[in-house]
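Below is one structure; the comments refer to it alone.
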Amino acid sequence: MSAIHQFKYGGKSHLAKSLGPFLASFVGEHLNGLDGLLVMPVPLHPKRLRERGFNQSLLLARHVASQLDLDLDFLSLRRIRYTQPQTGLKKDQRRKNVRKAFGLMDPKVVKGRTVILVDDVTTTGNTLNECARILKRAGAEHIYCAVLARTAGT
């Protein structure tokens, strides 16, 4: 867990070179044989991106797409509302915090597609659920979530 924590909060973007192929291997084992997959990272709000300097989910998603020769879209799904960090929030607070925080700029990119939604860590799944809700509403056929780690929910 230390490597993931350093990756997310310690500015150690180079860890994506190890963690990305690890996640890609897992995705390849479990989604092998599905056609027309589209990889999408969970987006950061522009303010958070400036603070952190990189989107760790995008770095992971690039490895997944590249290693498995899949389409990657990191521009269509956007965080349209700034939210406080989920860390330290209770489950119901997390759900409210991310509600209506995401938007899809071009629904055509996901219509009829199977999407692999990539994130680094999940706790309650609220962020992934909210992203999936937006993608499903836009016509995505199936949505799979690929994460490096799951932490104990509060």
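Going by the structure tokens order, chains are called A, B, ..., each with residues numbered from 1, while ligands are numbered from 1 in the order shown.
Using only C-alpha atoms, the protein and nucleic acid residues lying no more than 6 Å from segment 107-114 of chain A, apart from those fewer than 3 places from it along its own chain, are Leu37, Ala138, Gly139, Ala140, Glu141, His142 and Ile143 of chain A.
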*Between atom CA of Asp120 of chain A and atom CA of Gly33 of chain A, measure the distance and give it in Å to one decimal.*
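Between these atoms lies a distance of 23.9 Å.
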At a cut-off of 10 Å, can you tabulate as a tab-separated table every residue of segment 64-144 of chain A near segment 21-28 of chain A together with its closest atom pair and the distance in Å to one decimal, using only C-alpha atoms and ordering rows by chain then number?
```
residue	atom	partner	partner_atom	distance
A:Val64	CA	A:Ala24	CA	4.3
A:Ala65	CA	A:Ala24	CA	7.8
A:Ser66	CA	A:Ala24	CA	8.7
A:Gln67	CA	A:Ala24	CA	6.5
A:Leu68	CA	A:Gly28	CA	6.7
A:Ile116	CA	A:Val27	CA	8.8
A:Val118	CA	A:Leu23	CA	9.2
A:Asp120	CA	A:Leu23	CA	9.4
A:Tyr144	CA	A:Val27	CA	9.5
```
Kindly save the residues from that selection, with C-alpha atoms included, as a short mmCIF file (atom, residue, chain, number, x, y, z; two decimals), in the first residue's frame.
```cif
data_model
loop_
_atom_site.label_atom_id
_atom_site.label_comp_id
_atom_site.auth_asym_id
_atom_site.auth_seq_id
_atom_site.Cartn_x
_atom_site.Cartn_y
_atom_site.Cartn_z
CA VAL A 64 -3.83 -0.50 -19.63
CA ALA A 65 -4.73 0.83 -23.09
CA SER A 66 -1.21 0.54 -24.45
CA GLN A 67 -0.40 -2.91 -23.10
CA LEU A 68 -3.74 -4.36 -24.23
CA ILE A 116 -13.07 0.05 -18.55
CA VAL A 118 -9.67 3.08 -14.31
CA ASP A 120 -6.11 4.05 -8.40
CA TYR A 144 -16.01 -2.51 -15.76
#
```
Under the rule of at most 12 Å, produce a per-residue listing of segment 14-58 of chain A near segment 97-105 of chain A: chain, number, name, the closest pair of atoms, and the distance in Å, as CSV, using only C-alpha atoms.
```
residue,atom,partner,partner_atom,distance
A:Met40,CA,A:Leu104,CA,11.3
A:Val42,CA,A:Phe102,CA,9.3
A:Pro43,CA,A:Phe102,CA,8.3
A:Leu44,CA,A:Phe102,CA,9.6
A:His45,CA,A:Ala101,CA,9.1
```
*Pick from A:Glu51, A:Asp92, A:Glu29, A:Asp119: nearest to Arg150 of chain A, with only C-alpha atoms counted?*
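Closest to Arg150 of chain A, using only C-alpha atoms: A:Asp119.
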*asked:* With only C-alpha atoms as the counted atoms, please give the residues lying no more than 10 Å from His5 of chain A, apart from itself and same-chain residues fewer than 5 positions off, as a list in words.
replied: Gly10, Gly11, Lys12, Asp120 and Val121 of chain A
Filtering to C-alpha atoms, could you give me those residues as a PDB file, in the first residue's frame?
```pdb
ATOM      1  CA  GLY A  10       3.717  11.705  -2.709  1.00  0.00           C
ATOM      2  CA  GLY A  11       4.141  13.005  -6.236  1.00  0.00           C
ATOM      3  CA  LYS A  12       5.883   9.796  -7.319  1.00  0.00           C
ATOM      4  CA  ASP A 120      -6.106   4.050  -8.400  1.00  0.00           C
ATOM      5  CA  VAL A 121      -7.992   3.375  -5.159  1.00  0.00           C
TER       6      VAL A 121
END
```
*Could you pull out the residues in chain A that DSSP calls strand (DSSP E or B) from the backbone, as a PyMOL selection string?*
chain A and resi 37-41+71-72+77-79+102-104+114-122+142-150
*asked:* Among segment 43-118 of chain A, which ones does DSSP assign to helix (DSSP H, G or I) (computed from the backbone)? Answer as a PyMOL selection string.
replied: chain A and resi 46-52+56-68+91-98+107-109
*Kindly indicate which residue among A:Leu128, A:Leu38, A:Leu135, A:Leu58 lies nearest to Leu77 of chain A, using only C-alpha atoms for the distances.*
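Checking each of A:Leu128, A:Leu38, A:Leu135, A:Leu58 against Leu77 of chain A, counting only C-alpha atoms, the winner is A:Leu135.
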Residues at most 8 Å from Asn126 of chain A, counting only C-alpha atoms, excluding those fewer than 4 positions away in the same chain, as a CSV table (one decimal) with C-alpha atoms, in the first residue's frame?
```
chain,number,residue,atom,x,y,z
A,94,ARG,CA,-18.8,10.5,0.0
A,95,ARG,CA,-21.9,9.8,-2.1
A,98,VAL,CA,-19.4,13.2,-5.9
A,130,GLU,CA,-21.1,8.2,-10.2
```
*All residues 9 Å or closer to Lys17 of chain A, only C-alpha atoms, same chain fewer than 6 positions away omitted, as a list in words*: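 So, after excluding close chain neighbours, the residues are Leu59, Leu60 and His63 of chain A.
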Resulting file, chosen residues, C-alpha atoms, as a JSON list (two decimals), in the first residue's frame:
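Result went into selection-v9.json, see below:
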```json
[["chain", "number", "residue", "atom", "x", "y", "z"],
["A", 59, "LEU", "CA", -1.19, 7.32, -16.01],
["A", 60, "LEU", "CA", -2.58, 3.88, -15.12],
["A", 63, "HIS", "CA", -0.63, 1.55, -19.47]]
```
*How many Å separate atom CA of Arg52 of chain A from atom CA of Ser18 of chain A?*
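Computed distance, atom CA of Arg52 of chain A to atom CA of Ser18 of chain A, equals 19.4 Å.
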*Quick one: distance from atom CA of Thr123 of chain A to atom CA of Leu72 of chain A in Å, one decimal?*
24.5 Å
*asked:* With distances taken over only C-alpha atoms, which residue among A:His14, A:Lys8, A:Lys136, A:Arg78 lies nearest Pro46 of chain A?
replied: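 Ranking A:His14, A:Lys8, A:Lys136, A:Arg78 by distance to Pro46 of chain A, first place goes to A:Arg78.
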_Top pick for closest residue to Ile80 of chain A, considering A:Val39, A:Ile4, A:Leu117, A:Cys131 and counting only C-alpha atoms_ = A:Cys131
